[in-house]
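Colleague: What follows is a single structure, and I will ask about it in a moment.
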Amino acid sequence: MAPWHQLSVPEALAQLRSSSAGLSSTEARARLASHGPNALPEGARRSALGILLRQFADFMILLLLVAAVVSGLVGDLKDTVSIVAIVILNAIVGFVQEYRADRAMAALKAMAAPTATVHRDGAPRVVPGTEIVPGDIVLLDAGRIVPADLRVIETASLRTEEAALTGESVAVEKTTGPLPSGDSALGDRTNMAYKGTIATYGRGCGVVVATGMDTELGRIAASLAHSHE
């Protein structure tokens, strides 16, 4: 299957077994059971002290500490000081990296939309953001957080601010037509709107193509979670 931004609106709707009228409540519940909630994993909350202590739990670090003790016992204080300095430096670097990753993960979760307006049973309905599923038709207007990755299907001067994903502070005007083949950068996919970005102007709607960890925001969260391992 071609990437979503290369598909026309009818092709995207057909792939998702949806329509501009949206899903029925029954179908939405079935898809929620299949795909899971539209949320990033919570993960265990760790204190700064817990993150710091974790730096000394690695086998190689423990081995170095043993070596430092042995060096001290045999009177080689120079080697002891060198080894301890290496261990402390490693702990500081590891702590800073993990602490920043934890704070970044918390920031990503804060970007999730608490609710969204979707077409269900042929009518607009406000639902929790976690209950959005692929194939849902999401309505957007200025000030709304995009609740999932969408293929834009209608737009009336809709623009979204995507700095969280692309680093570009200028809002992007959305289009509905398919884009040329090629792996265009996220910021160039003008017919897509991504989870965690914000509609800043106009209005429009899109069909959900990815939720939760399958979104672009989810991929960032996955890379942050991997840094904890």
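Labeling convention for the structure tokens: chains A, B, ... as they appear, residues from 1 per chain, ligands from 1 in order of appearance.
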Quick one: contact table of segment 6-67 of chain A to segment 197-217 of chain A, 6 Å max, nearest atom pair and distance in Å to one decimal per residue, counting only C-alpha atoms, chain and number order, as CSV?
Modeller:
residue,atom,partner,partner_atom,distance
A:Asn38,CA,A:Gly212,CA,4.1
A:Ala39,CA,A:Gly212,CA,4.5
A:Leu40,CA,A:Gly212,CA,5.6
Colleague: For the selection just defined, write its residues with C-alpha atoms to a file, as an mmCIF file, in the first residue's frame.
Modeller:
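Written out: again_30.cif:
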data_model
loop_
_atom_site.group_PDB
_atom_site.id
_atom_site.type_symbol
_atom_site.label_atom_id
_atom_site.label_comp_id
_atom_site.auth_asym_id
_atom_site.auth_seq_id
_atom_site.Cartn_x
_atom_site.Cartn_y
_atom_site.Cartn_z
ATOM 1 C CA ASN A 38 -5.275 5.968 21.405
ATOM 2 C CA ALA A 39 -2.714 6.693 24.115
ATOM 3 C CA LEU A 40 0.994 6.616 24.812
#
Colleague: What's the 8 Å shell around Thr175 of chain A, counting only C-alpha atoms, without same-chain residues fewer than 4 positions away, as an NGL selection string?
Modeller: :A and (152 or 154-155 or 190-191)
Colleague: Using only C-alpha atoms, which residues of segment 143-176 of chain A come within 7 Å of segment 110-120 of chain A, and what is the closest atom pair for each, with the distance in Å to one decimal? Give it as a Markdown table, sorted by chain and residue number.
Modeller:
| residue | atom | partner | partner_atom | distance |
| --- | --- | --- | --- | --- |
| A:Ile145 | CA | A:Ala113 | CA | 5.5 |
| A:Val146 | CA | A:Ala113 | CA | 6.8 |
| A:Pro147 | CA | A:Ala113 | CA | 5.1 |
Colleague: Would you compute the distance between atom CA of Val127 of chain A and atom CA of Leu224 of chain A? Give it in Å to one decimal.
Modeller: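 Between atom CA of Val127 of chain A and atom CA of Leu224 of chain A the gap is 28.4 Å.
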Colleague: Please list as a list in words every residue within 10 Å of Leu179 of chain A, counting only C-alpha atoms and excluding residues in the same chain fewer than 6 positions away.
Modeller: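 Surrounding residues, per the criterion: Pro3, Trp4, His5, Gln6, Leu7, Ser8, Asp188, Arg189, Thr190 and Asn191 of chain A.
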Colleague: Please write the residues from the selection above to a file, keeping N, CA, C and O atoms, as an mmCIF file, in the first residue's frame.
Modeller:
data_model
loop_
_atom_site.group_PDB
_atom_site.id
_atom_site.type_symbol
_atom_site.label_atom_id
_atom_site.label_comp_id
_atom_site.auth_asym_id
_atom_site.auth_seq_id
_atom_site.Cartn_x
_atom_site.Cartn_y
_atom_site.Cartn_z
ATOM 1 N N PRO A 3 2.036 5.106 0.828
ATOM 2 C CA PRO A 3 1.867 5.923 2.031
ATOM 3 C C PRO A 3 0.582 6.740 1.953
ATOM 4 O O PRO A 3 0.121 7.095 0.860
ATOM 5 N N TRP A 4 0.033 7.066 3.114
ATOM 6 C CA TRP A 4 -1.267 7.743 3.148
ATOM 7 C C TRP A 4 -1.264 9.047 2.369
ATOM 8 O O TRP A 4 -2.260 9.384 1.719
ATOM 9 N N HIS A 5 -0.167 9.788 2.415
ATOM 10 C CA HIS A 5 -0.164 11.089 1.743
ATOM 11 C C HIS A 5 -0.147 10.964 0.227
ATOM 12 O O HIS A 5 -0.399 11.943 -0.483
ATOM 13 N N GLN A 6 0.122 9.755 -0.280
ATOM 14 C CA GLN A 6 0.107 9.549 -1.725
ATOM 15 C C GLN A 6 -1.247 9.048 -2.236
ATOM 16 O O GLN A 6 -1.463 8.968 -3.441
ATOM 17 N N LEU A 7 -2.141 8.724 -1.327
ATOM 18 C CA LEU A 7 -3.459 8.224 -1.716
ATOM 19 C C LEU A 7 -4.443 9.370 -1.865
ATOM 20 O O LEU A 7 -4.378 10.371 -1.153
ATOM 21 N N SER A 8 -5.393 9.214 -2.789
ATOM 22 C CA SER A 8 -6.481 10.174 -2.890
ATOM 23 C C SER A 8 -7.420 9.969 -1.711
ATOM 24 O O SER A 8 -7.348 8.948 -1.008
ATOM 25 N N ASP A 188 6.423 18.410 4.810
ATOM 26 C CA ASP A 188 5.984 18.593 3.424
ATOM 27 C C ASP A 188 4.701 17.834 3.109
ATOM 28 O O ASP A 188 4.144 17.982 2.023
ATOM 29 N N ARG A 189 4.236 17.033 4.044
ATOM 30 C CA ARG A 189 3.015 16.249 3.806
ATOM 31 C C ARG A 189 1.803 17.100 4.185
ATOM 32 O O ARG A 189 1.192 16.938 5.245
ATOM 33 N N THR A 190 1.467 18.005 3.301
ATOM 34 C CA THR A 190 0.440 19.001 3.605
ATOM 35 C C THR A 190 -0.967 18.423 3.676
ATOM 36 O O THR A 190 -1.887 19.114 4.127
ATOM 37 N N ASN A 191 -1.148 17.188 3.223
ATOM 38 C CA ASN A 191 -2.480 16.580 3.330
ATOM 39 C C ASN A 191 -2.601 15.667 4.554
ATOM 40 O O ASN A 191 -3.542 14.897 4.659
#
Colleague: Rank A:Pro134, A:Pro10, A:Gly187, A:Gly143 by their smallest atom-to-atom distance to Val172 of chain A, using only C-alpha atoms, and report the top residue only.
Modeller: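 Closest candidate: A:Gly187.
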Colleague: Tell me which protein, DNA and RNA residues are within 7 Å of segment 54-61 of chain A, counting only C-alpha atoms, leaving out same-chain ones fewer than 2 positions away, and put them as a list in words.
Modeller: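 Final neighbour list, sorted by chain and number: Gly50, Ile51, Leu52, Leu63, Leu64, Leu65, Val87, Ala91, Gly94 and Phe95 of chain A.
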Colleague: Create the file for the chosen residues now, containing all heavy atoms and written as a compact mmCIF listing (two decimals), in the first residue's frame.
Modeller:
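Writing the result to again_23.txt gives the following:
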# COMPACT_ATOMS: atom_id res chain seq x y z
N GLY A 50 15.91 7.61 42.03
CA GLY A 50 15.82 6.28 41.42
C GLY A 50 16.61 6.21 40.12
O GLY A 50 17.27 5.21 39.82
N ILE A 51 16.53 7.28 39.32
CA ILE A 51 17.29 7.34 38.07
C ILE A 51 18.79 7.32 38.35
O ILE A 51 19.57 6.64 37.67
CB ILE A 51 16.91 8.59 37.26
CG1 ILE A 51 15.44 8.52 36.83
CG2 ILE A 51 17.80 8.74 36.03
CD1 ILE A 51 14.93 9.78 36.15
N LEU A 52 19.20 8.07 39.40
CA LEU A 52 20.62 8.12 39.74
C LEU A 52 21.13 6.75 40.21
O LEU A 52 22.19 6.29 39.77
CB LEU A 52 20.86 9.17 40.83
CG LEU A 52 22.30 9.35 41.29
CD1 LEU A 52 23.19 9.79 40.13
CD2 LEU A 52 22.37 10.37 42.42
N LEU A 63 31.52 -3.99 38.39
CA LEU A 63 32.85 -4.57 38.23
C LEU A 63 33.94 -3.53 38.44
O LEU A 63 34.97 -3.79 39.09
CB LEU A 63 32.97 -5.20 36.84
CG LEU A 63 34.10 -6.20 36.62
CD1 LEU A 63 33.96 -7.40 37.55
CD2 LEU A 63 34.11 -6.67 35.15
N LEU A 64 33.71 -2.32 37.91
CA LEU A 64 34.67 -1.24 38.09
C LEU A 64 34.78 -0.84 39.56
O LEU A 64 35.88 -0.56 40.07
CB LEU A 64 34.28 -0.03 37.24
CG LEU A 64 34.54 -0.14 35.74
CD1 LEU A 64 33.93 1.04 34.99
CD2 LEU A 64 36.05 -0.23 35.45
N LEU A 65 33.65 -0.82 40.24
CA LEU A 65 33.67 -0.47 41.67
C LEU A 65 34.45 -1.52 42.47
O LEU A 65 35.21 -1.16 43.40
CB LEU A 65 32.24 -0.35 42.20
CG LEU A 65 31.45 0.87 41.71
CD1 LEU A 65 30.01 0.80 42.20
CD2 LEU A 65 32.11 2.16 42.19
N VAL A 87 33.56 6.14 36.97
CA VAL A 87 32.23 5.68 37.38
C VAL A 87 31.30 6.87 37.65
O VAL A 87 30.14 6.89 37.21
CB VAL A 87 32.32 4.79 38.64
CG1 VAL A 87 30.93 4.53 39.22
CG2 VAL A 87 33.00 3.48 38.29
N ALA A 91 27.97 7.96 35.58
CA ALA A 91 26.68 8.09 36.27
C ALA A 91 26.04 9.44 35.97
O ALA A 91 24.82 9.52 35.76
CB ALA A 91 26.87 7.91 37.77
N GLY A 94 24.75 9.40 32.30
CA GLY A 94 23.58 8.54 32.20
C GLY A 94 22.36 9.15 32.88
O GLY A 94 21.24 9.08 32.36
N PHE A 95 22.58 9.76 34.05
CA PHE A 95 21.49 10.40 34.78
C PHE A 95 20.87 11.53 33.97
O PHE A 95 19.65 11.63 33.85
CB PHE A 95 21.99 10.94 36.12
CG PHE A 95 20.99 11.80 36.84
CD1 PHE A 95 19.97 11.22 37.57
CD2 PHE A 95 21.06 13.18 36.76
CE1 PHE A 95 19.02 12.01 38.22
CE2 PHE A 95 20.13 13.98 37.41
CZ PHE A 95 19.11 13.39 38.14
Colleague: From the DSSP assignment of the backbone, select every residue of segment 17-223 of chain A that is strand (DSSP E or B), and format the answer as JSON, numbers by chain.
Modeller: {"A": [23, 115, 116, 117, 118, 119, 120, 123, 124, 125, 126, 127, 128, 137, 138, 139, 140, 141, 145, 149, 150, 151, 152, 153, 154, 155, 156, 157, 158, 159, 160, 161, 172, 173, 192, 193, 198, 199, 200, 201, 202, 203, 204, 205, 206, 207, 208, 209, 210]}
Colleague: In terms of the shortest atom-to-atom distance over only C-alpha atoms, which of A:Val138, A:Val133, A:Ile153, A:Leu165 is closest to Ala33 of chain A?
Modeller: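 Going through A:Val138, A:Val133, A:Ile153, A:Leu165 one by one, the smallest distance to Ala33 of chain A is for A:Val133.
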Colleague: Env of Leu32 of chain A: 8 Å cut, atoms = only C-alpha atoms, seq-sep filter 4 positions within chain, self excluded. Answer as a list in words.
Modeller: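 Neighbouring residues, sequence-local ones excluded: Ala28, Gly36, Pro37, Glu131, Ile132 and Val133 of chain A.
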Colleague: Could you write those residues out with all heavy atoms, as a PDB file, in the first residue's frame?
Modeller:
ATOM      1  N   ALA A  28     -16.861   1.240  15.851  1.00  0.00           N
ATOM      2  CA  ALA A  28     -15.824   1.938  16.614  1.00  0.00           C
ATOM      3  C   ALA A  28     -15.402   1.121  17.833  1.00  0.00           C
ATOM      4  O   ALA A  28     -14.215   1.029  18.143  1.00  0.00           O
ATOM      5  CB  ALA A  28     -16.320   3.315  17.042  1.00  0.00           C
ATOM      6  N   GLY A  36      -6.645  -1.093  20.335  1.00  0.00           N
ATOM      7  CA  GLY A  36      -6.264  -0.575  21.647  1.00  0.00           C
ATOM      8  C   GLY A  36      -6.503   0.916  21.740  1.00  0.00           C
ATOM      9  O   GLY A  36      -6.828   1.586  20.748  1.00  0.00           O
ATOM     10  N   PRO A  37      -6.357   1.479  22.933  1.00  0.00           N
ATOM     11  CA  PRO A  37      -6.627   2.901  23.143  1.00  0.00           C
ATOM     12  C   PRO A  37      -5.630   3.799  22.420  1.00  0.00           C
ATOM     13  O   PRO A  37      -4.477   3.426  22.204  1.00  0.00           O
ATOM     14  CB  PRO A  37      -6.524   3.071  24.665  1.00  0.00           C
ATOM     15  CG  PRO A  37      -5.655   1.933  25.109  1.00  0.00           C
ATOM     16  CD  PRO A  37      -5.965   0.791  24.179  1.00  0.00           C
ATOM     17  N   GLU A 131     -10.408   7.038  22.855  1.00  0.00           N
ATOM     18  CA  GLU A 131     -11.343   6.125  22.193  1.00  0.00           C
ATOM     19  C   GLU A 131     -11.420   6.318  20.681  1.00  0.00           C
ATOM     20  O   GLU A 131     -12.237   5.688  20.012  1.00  0.00           O
ATOM     21  CB  GLU A 131     -12.740   6.284  22.814  1.00  0.00           C
ATOM     22  CG  GLU A 131     -12.795   5.846  24.277  1.00  0.00           C
ATOM     23  CD  GLU A 131     -14.186   5.943  24.871  1.00  0.00           C
ATOM     24  OE1 GLU A 131     -15.144   6.206  24.107  1.00  0.00           O
ATOM     25  OE2 GLU A 131     -14.311   5.771  26.104  1.00  0.00           O
ATOM     26  N   ILE A 132     -10.553   7.172  20.154  1.00  0.00           N
ATOM     27  CA  ILE A 132     -10.510   7.363  18.703  1.00  0.00           C
ATOM     28  C   ILE A 132      -9.841   6.157  18.055  1.00  0.00           C
ATOM     29  O   ILE A 132      -8.873   5.606  18.588  1.00  0.00           O
ATOM     30  CB  ILE A 132      -9.753   8.659  18.367  1.00  0.00           C
ATOM     31  CG1 ILE A 132     -10.562   9.856  18.848  1.00  0.00           C
ATOM     32  CG2 ILE A 132      -9.470   8.778  16.880  1.00  0.00           C
ATOM     33  CD1 ILE A 132      -9.810  11.151  18.754  1.00  0.00           C
ATOM     34  N   VAL A 133     -10.366   5.751  16.894  1.00  0.00           N
ATOM     35  CA  VAL A 133      -9.852   4.557  16.223  1.00  0.00           C
ATOM     36  C   VAL A 133      -9.573   4.860  14.755  1.00  0.00           C
ATOM     37  O   VAL A 133     -10.100   5.829  14.196  1.00  0.00           O
ATOM     38  CB  VAL A 133     -10.858   3.390  16.328  1.00  0.00           C
ATOM     39  CG1 VAL A 133     -11.052   2.969  17.774  1.00  0.00           C
ATOM     40  CG2 VAL A 133     -12.204   3.764  15.697  1.00  0.00           C
TER      41      VAL A 133
END
Colleague: With a distance cut-off of 8 Å and only C-alpha atoms, select the neighbouring residues of Val170 of chain A, excluding the residue or stretch itself and same-chain residues fewer than 4 positions from it, and output the selection as a list in words.
Modeller: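 Returned residues: Glu161, Glu162 and Ala163 of chain A.
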Colleague: Those residues you just picked out, can you put them in a file as a CSV table (one decimal), in the first residue's frame with N, CA and C atoms?
Modeller:
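Just written: out15.csv:
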chain,number,residue,atom,x,y,z
A,161,GLU,N,0.0,24.0,13.5
A,161,GLU,CA,1.4,24.3,13.9
A,161,GLU,C,2.0,22.9,14.3
A,162,GLU,N,3.1,22.6,13.7
A,162,GLU,CA,3.8,21.3,13.8
A,162,GLU,C,5.2,21.3,14.4
A,163,ALA,N,5.5,22.4,15.1
A,163,ALA,CA,6.8,22.5,15.6
A,163,ALA,C,7.3,21.3,16.5
Colleague: From the DSSP assignment of the backbone, select every residue of segment 132-213 of chain A that is alpha helix (DSSP H), and format the answer as a ChimeraX atom specification.
Modeller: /A:163-166
Colleague: Those selected residues, please, written with C-alpha atoms and delivered as a CSV table (one decimal), in the first residue's frame.
Modeller:
chain,number,residue,atom,x,y,z
A,163,ALA,CA,6.8,22.5,15.6
A,164,ALA,CA,6.7,19.6,18.1
A,165,LEU,CA,7.4,17.2,15.2
A,166,THR,CA,9.2,19.2,12.5
